[in-house]
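Student: The following block contains the structure, expressed as structure tokens.
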Amino acid sequence: MSDVSSSQQQDECSNDCCACPPKLTYDSLCDLLSLSSVPIIRIKDKGSHAGPTDNDDMVVTPLEFYREFVAKSKPCIIRGLADDWSAITKWRDDAYLFQTEPQHYKNAGSRDAQPAAGPASVTVSLTPNGRADCITDVIFLQPGKDGSSVSVEVDAESERLFMAPAEVKVPFPTVLSLIQQARLNAVLVAPLSVDLCGSAARRKFRPRAIDPADLTPIPYCQTQNNCLETEFPWLKDDITSSVASFGEEVFGSPCDAANVWIGTSMSVTSMHQDWYENIYAVVRGVKQFTLIPPWEAPLLKKERVRSAKYCVKAVANGATEFEKHIEFEDEEIDWIGVDVEDSPEHDVMLRNPEILKTNPLQAEVTPGEALYLPAMWFHRVAQTEVPSDDTCVVAVNYWFDMCMDGPLYHLMKYVAANGATSSENNDE
Ligand SMILES: O=C(O)CCC(=O)C(=O)O
């Protein structure tokens with residue numbers, strides 16, 4: 001009875017009147033939760049042997065960490081967990097890190113193992129624009145009557161595609177050469193132009209003859225298949241188990257995967273979410289994370305696009321060039337197509353104005369620090385070399401299984417299943 005009368009009262013009541021609580025809109029919910037002020041707190045593990053903490057550091061046990069950050073799905077930067085890794089000094093030496101000197105060649109899983117057969121091979125992702133796994137404007141050029149390409153301005157047709165990188169396996173020292181070549185030659189091209197010359201079929205087009213300098217592959221070691229174990233085992237000599245052990249205590253089971261990231265400021269990882277708890281330790285350079293909480297997912301509209309990948313071929317002197325085609329995958333994918341860092345006037349931004357209502361957090365993570373990135377938080381990751389050391393940025397991250405029976409997980413699964421398409425698609 002009382003339920004009925006209170007709901008009747010609400011129906012009759014405008015929010016300007018009397019003592020009724022204001023109607024809860026999504027915006028007012030965000031205000032209530034003060035999302036913009038969720039802090040990124042620097043903490044120090046009580047068990048760590050790292051140096052003195054700053055005054056504003058909290059010192060926590062794994063249990064306190066769980067209560068304060070994991071249970072509340074709150075990111076933070078952890079100090080002191082990884083700053084005793086010898087990697088932080090050793091991996092700043094390119095000859096040592098990239099095994100460019102024969103005494104560093106080890107395939108047997110340890111730098112001390114003998115004999116050395118040669119440097120191990122590792123997987124490198126290559127893109128022409130530093131944007132792997134990212135929605136990209138691809139311009140197709142129609143073939144002219146004489147078979148030549150028609151210029152972009154005249155008869156271009158374009159499509160937004162989810163572009164996956166080309167992947168090659170190369171001896172590890174080659175990664176250093178690829179970085180050096182890219183640094184000399186790379187010109188970031190956007191949109192990327194590819195033409196249909198020589199083929200009427202979309203799936204078999206050829207690219208416009210682009211100046212190869214425009215297409216110097218930008219390398220990024222970013223294979224997320226537990227590559228610390230499977231491809232870079234010798235690197236474990238220089239890192240302790242501190243981060244992995246801390247995570248194991250906090251999350252209750254060993255990490256699912258430990259991944260090595262070796263990239264440059266030419267590469268940016270586009271906004272996405274992972275269904276893992278993540279502790280991301282920076283070893284060299286600086287990583288800039290832009291973080292958006294999972295409960296703001298409705299503001300991050302995804303586009304459904306076709307998926308394709310870049311292809312490369314080996315050329316003289318161990319160099320690599322992009323092939324004259326891209327390869328379509330037989331699938332469509334839902335992905336966030338707008339970059340929070342773009343200007344509000346950018347046309348993709350104008351089509352997705354809701355993103356401007358999000359409350360992104362910025363986290364700058366420096367060597368020896370580790371970001372706790374709670375499961376399902378959206379993240380975009382940029383990186384910068386430090387001025388005195390401009391080769392690359394290196395990090396190791398650990399993924400732990402997330403809790404799959406909490407309310408946030410179920411809510412986010414629902415949102416992912418029902419709110420994943422763009423407003424354009426929803427209108428259809
Ligand atoms: O470092 C990066 O570029 C991306 C990292 C990332 O997406 C992750 O750890 O889940």
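Residue numbers start at 1 in each chain; chains themselves are named A, B, ... in the order of the structure tokens; ligands are numbered from 1 in the order shown.
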Could you tell me, counting only C-alpha atoms and all ligand atoms, which protein and nucleic acid residues lie no more than 8 Å from ligand 1, written as a ChimeraX atom specification?
Tutor: /A:222,261,263,267-269,272-274,278-280,287,379-383,395,397-399
Student: For the selection you just gave me, I'd like the residues written to a file as a PDB file, in the first residue's frame, keeping C-alpha atoms.
Tutor:
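The resulting file, part.pdb, is reproduced below:
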```
ATOM      1  CA  GLN A 222      53.123  -6.175 -27.737  1.00  0.00           C
ATOM      2  CA  TRP A 261      55.938  -4.376 -24.055  1.00  0.00           C
ATOM      3  CA  GLY A 263      57.642   0.286 -28.007  1.00  0.00           C
ATOM      4  CA  SER A 267      52.838   3.818 -30.980  1.00  0.00           C
ATOM      5  CA  VAL A 268      49.621   4.363 -29.069  1.00  0.00           C
ATOM      6  CA  THR A 269      47.264   1.628 -27.881  1.00  0.00           C
ATOM      7  CA  HIS A 272      39.720  -0.734 -24.908  1.00  0.00           C
ATOM      8  CA  GLN A 273      38.918  -2.812 -21.862  1.00  0.00           C
ATOM      9  CA  ASP A 274      40.270  -6.165 -20.670  1.00  0.00           C
ATOM     10  CA  ASN A 278      46.237  -5.863 -14.434  1.00  0.00           C
ATOM     11  CA  ILE A 279      49.414  -4.829 -12.640  1.00  0.00           C
ATOM     12  CA  TYR A 280      51.526  -2.956 -15.180  1.00  0.00           C
ATOM     13  CA  LYS A 287      53.668   5.296 -19.954  1.00  0.00           C
ATOM     14  CA  HIS A 379      42.375   2.354 -21.096  1.00  0.00           C
ATOM     15  CA  ARG A 380      44.288   4.167 -23.822  1.00  0.00           C
ATOM     16  CA  VAL A 381      48.051   3.934 -23.539  1.00  0.00           C
ATOM     17  CA  ALA A 382      50.634   6.346 -24.933  1.00  0.00           C
ATOM     18  CA  GLN A 383      54.321   6.327 -24.139  1.00  0.00           C
ATOM     19  CA  ALA A 395      57.183  -2.477 -19.475  1.00  0.00           C
ATOM     20  CA  ASN A 397      52.514  -6.448 -17.104  1.00  0.00           C
ATOM     21  CA  TYR A 398      50.786  -9.219 -15.197  1.00  0.00           C
ATOM     22  CA  TRP A 399      47.202 -10.268 -15.794  1.00  0.00           C
TER      23      TRP A 399
END
```
Student: Mind checking which residues fall within 10 Å of segment 86-91 of chain A, counting only C-alpha atoms, ignoring those fewer than 6 positions away in the same chain, and posting them as a ChimeraX atom specification?
Tutor: /A:97-98,235-240,282-285,367-368,393-395
Student: Which residue is closest to Ala244 of chain A? Choose from A:Tyr414, A:Tyr220, A:Cys311, A:Asp256 and count only C-alpha atoms.
Tutor: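 Closest candidate: A:Asp256.
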Student: Just want the 9 Å neighbourhood of Cys392 of chain A, counted on only C-alpha atoms, with same-chain residues fewer than 6 positions away dropped. Output as a PyMOL selection string.
Tutor: chain A and resi 92+176+179+262-265+284-285+384-386
Student: Please identify all polymer residues within 10 Å of Phe232 of chain A, counting only C-alpha atoms, omitting same-chain residues fewer than 3 positions from it, and present them as a PyMOL selection string.
Tutor: chain A and resi 107+109-110+120-122+172+226-229+235-236+259-260
